[in-house]
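Taking it in order: structure first as structure tokens, then the write-up.
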Amino acid sequence: MKEVRTRFAPSPTGFMHVGNLRTALYEYLIAKSQGGKFVLRIEDTDQERLVEGATDVIYRTLEEVGLTHDEGPDVGGPYGPYVQSARKDLYLPYAKQLIEEGKAYYCFCSKERLESLHDANGIGGYDRHCRDLPEEEVKRLLESGTPWVIRQKMPLEGSTTFTDAVFGEITIENCELEDQILIKSDGYPTYNFANVIDDHLMHITHVVRGCEYLTSTPKYNLLYEAFGWDVPTYVHLPLIMGRNEDGSVSKLSKRHGATGFADLVEAGYLPEAIVNYIALLGWAPKDSTQELFTLDELTKAFRIDGISKSPAVFDYEKLTWMNGEYLKKMPQDVYIRHAMPYFKEVFGEAEKDWTVLAEMLQPRVLKLPEIPGLLGFFKALPEYGSDLFVNKKSKATLENAPVMLKAAIEDLSQVEDWRVPVLHDNLLQLAQTLGVKNGTLLWPVRIAAAGQKVTPGGAMEILALLGKEESLRRLQLGLQKLETAAQ
RNA sequence: GGCCCGGUCGUCAAGCGGUUAAGACACCGCCCUUUCACGGCGGGUUCAUGGGUUCGAAUCCCAUCCGGGUCACCA
């Protein structure tokens with residue numbers, strides 16, 4: 001059996017859209033799940049849109065998510081070069097071959113003329129004005145230096161049918177097909193043309209791309225046919241959609257929020273979680289109950305027939321949940337390393353018991369950037385009202401809170417070894433001595449220590465992190481607040 | 001507008017002629033708990049509509065409706 005070869009062919013725009021990333025992922029998975037090769041090819045035929053450093057963004061992203069390519073501009077390979085601008089001279093001969101065979105022709109129409117062909121809505125294609133220019137006329141125009149492009153001659157009647165691995169058989173009337181440009185007036189090939197030539201030369205077996213290309217696929221096939229080449233297997237992917245403000249959906253774009261890989265990382269999503277999530281957008285495993293996958297597991301589970309046909313709405317909430325799952329699974333030391341920048345944001349260079357923090361935070365934080373907001377009260381005690389001391393479930397009231405706090409202060413002043421287990425034993429013992437339920441004692445302690453109702457940990461953890469001196473100071477403050485409120 | 005594709009809970013989805021129509025996120029209850037969470041348990045008239053075909057349809061066919069994509073010297 002022929003080796004499966006797929007290719008990721010991005011344009012260097014400096015931005016990696018999640019849709020593109022998902023295409024790369026599926027291309028990688030299709031190849032790797034069948035022991036094939038995954039190729040990276042840079043499509044920079046649009047000289048007007050070149051962006052400095054944009055190819056680095058592509059390398060970096062692929063590396064970060066672990067989609068290692070077997071061949072590409074940076075690693076080489078048997079079918080290079082892998083950058084289209086470096087292959088520029090290779091395309092024209094193929095186009096000329098088509099002209100000689102009567103399958104393509106020179107077109108001298110100006111851009112102005114072409115634009116005048118569009119209707120009010122910008123719709124309307126080329127009228128094949130130059131398709132049958134007499135040979136002498138072509139020669140004359142060529143010699144006079146008139147700018148030209150090369151167009152492919154589409155059949156005027158009949159229809160073209162092809163089979164897509166996910167959408168099945170699709171038929172398009174040939175009269176719907178425009179005489180597409182193969183070589184642009186700047187000498188560069190168009191995307192469509194370069195794609196076919198390169199995919200063939202690089203022995204690509206599966207062409208994987210978004211289904212916005214579905215209707216133009218016959219043009220590709222006609223090209224393969226014109227050259228007498230084997231047509232690759234087409235795998236068109238359902239689009240990723242975003243929800244608009246008015247409730248409708250459309251192709252995911254910047255107005256829907258973070259859509260670039262880098263933006264998502266910036267927003268606090270882990271690369272592994274992003275990959276895992278987008279793998280499930282438009283594909284489901286045979287065992288559809290598993291949702292958490294490493295790249296390796298995806299490679300083992302991936303099957304083309306699990307790709308769905310209908311577009312999928314990108315759900316940030318589910319991604320967030322999944323990100324939290326990855327955070328919870330992390331070994332504690334790894335977690336602390338990832339969270340450290342955020343810890344520093346709160347505590348500066350002060351040394352804290354990071355383990356206690358990790359224990360509090362790891363099971364509840366969904367995205368690391370939430371940390372500073374959760375921990376702000378450590379840095380400075382927030383302003384709060386004495387009403388926070390009231391909690392029905394804990395049986396905490398304005399009346400018993402001062403009693404509890406006073407007792408706690410007395411008791412805790414005696415503690416030398418200021419650590420969670422010691423504080424824990426002491427306080428629970430105290431509650432027993434006082435003859436109240438744990439909550440009744442711990443509620444006011446936690447409120448006084450944190451100054452806010454919701455905290456990322458319990459009273460003991462907060463006290464431990466605060467340190468003895470600051471803890472007692474805050475409890476004292478809480479007590480005063482209650483006493484003034486009582487008067 | 002022409003052409004192409006799609007339509008199972010709010011979202012991602014399984015399903016491939018016979019199922020009590022899985023699962024996950026979100027949501028709502030309850031339990032646990034020193035708070036919020038986490039965790040546990042439970043909840044929801046979801047097969048776009050109308051016609052066929054069939055003993056039997058979410059699954060096959062047709063129509064309608066809705067949604068999306070595409071009609072560039074962009075990829």
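Naming works like this for the structure tokens: A, B, ... for the chains as they're shown, residue 1 at the start of each chain, ligands 1 onward in shown order.
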Could you tell me which residues of chain B sit within 12 Å of chain A when counting only C-alpha atoms (C1' of nucleotides), and give me the result as number ranges by chain? B: 1-8, 10-16, 22-26, 33-39, 66-75
Please list as a ChimeraX atom specification every residue within 12 Å of C62 of chain B, counting only C-alpha atoms (C1' of nucleotides) and excluding residues in the same chain fewer than 4 positions away. /B:50-53
Written file, previous selection with C-alpha atoms (C1' of nucleotides), as a short mmCIF file (atom, residue, chain, number, x, y, z; two decimals), in the first residue's frame:
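This is the output file result_14.cif:
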data_model
loop_
_atom_site.label_atom_id
_atom_site.label_comp_id
_atom_site.auth_asym_id
_atom_site.auth_seq_id
_atom_site.Cartn_x
_atom_site.Cartn_y
_atom_site.Cartn_z
"C1'" G B 50 -44.76 18.02 5.73
"C1'" G B 51 -45.34 14.01 2.67
"C1'" G B 52 -44.02 9.19 1.12
"C1'" U B 53 -41.32 3.86 1.19
#
Report the distance between atom CA of Arg131 of chain A and atom CA of Gln152 of chain A in Å, rounded to one decimal place.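 Answer for the atom CA of Arg131 of chain A to atom CA of Gln152 of chain A separation: 9.1 Å.
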Run DSSP on the backbone and tell me which residues of segment 217-435 of chain A come out as helix (DSSP H, G or I); list them as a ChimeraX atom specification. /A:217-227,254-256,261-266,271-279,295-301,304-306,316-329,332-347,354-361,368-379,386-389,400-413,420-434
One number please: atom CA of Tyr82 of chain A to atom CA of Leu40 of chain A, in Å, one decimal.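 Atom CA of Leu40 of chain A lies at a distance of 7.1 Å from atom CA of Tyr82 of chain A.
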From a DSSP pass on the backbone, collect the residues of segment 73-149 of chain A flagged as strand (DSSP E or B) and hand them back as an NGL selection string. :A and (76 or 83 or 104-107 or 149)
Quote the spacing between atom CA of Glu27 of chain A and atom CA of Gly77 of chain A in Å to one decimal place.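 These two atoms are separated by 17.8 Å.
Counting only C-alpha atoms (C1' of nucleotides), segment 474-477 of chain A has the following residues at most 7 Å away, ignoring those fewer than 4 positions along the same chain: Leu405, Ile409, Val445, Ala448, Ala449, Glu470 and Lys481 of chain A.
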Extract, using only C-alpha atoms (C1' of nucleotides), all DNA, RNA and protein residues at most 10 Å from segment 28-31 of chain B, discarding same-chain residues fewer than 3 positions from it, and format them as a list in words.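 Counting only C-alpha atoms (C1' of nucleotides), the residues come to G40, C41, G42, G43 and G44 of chain B.
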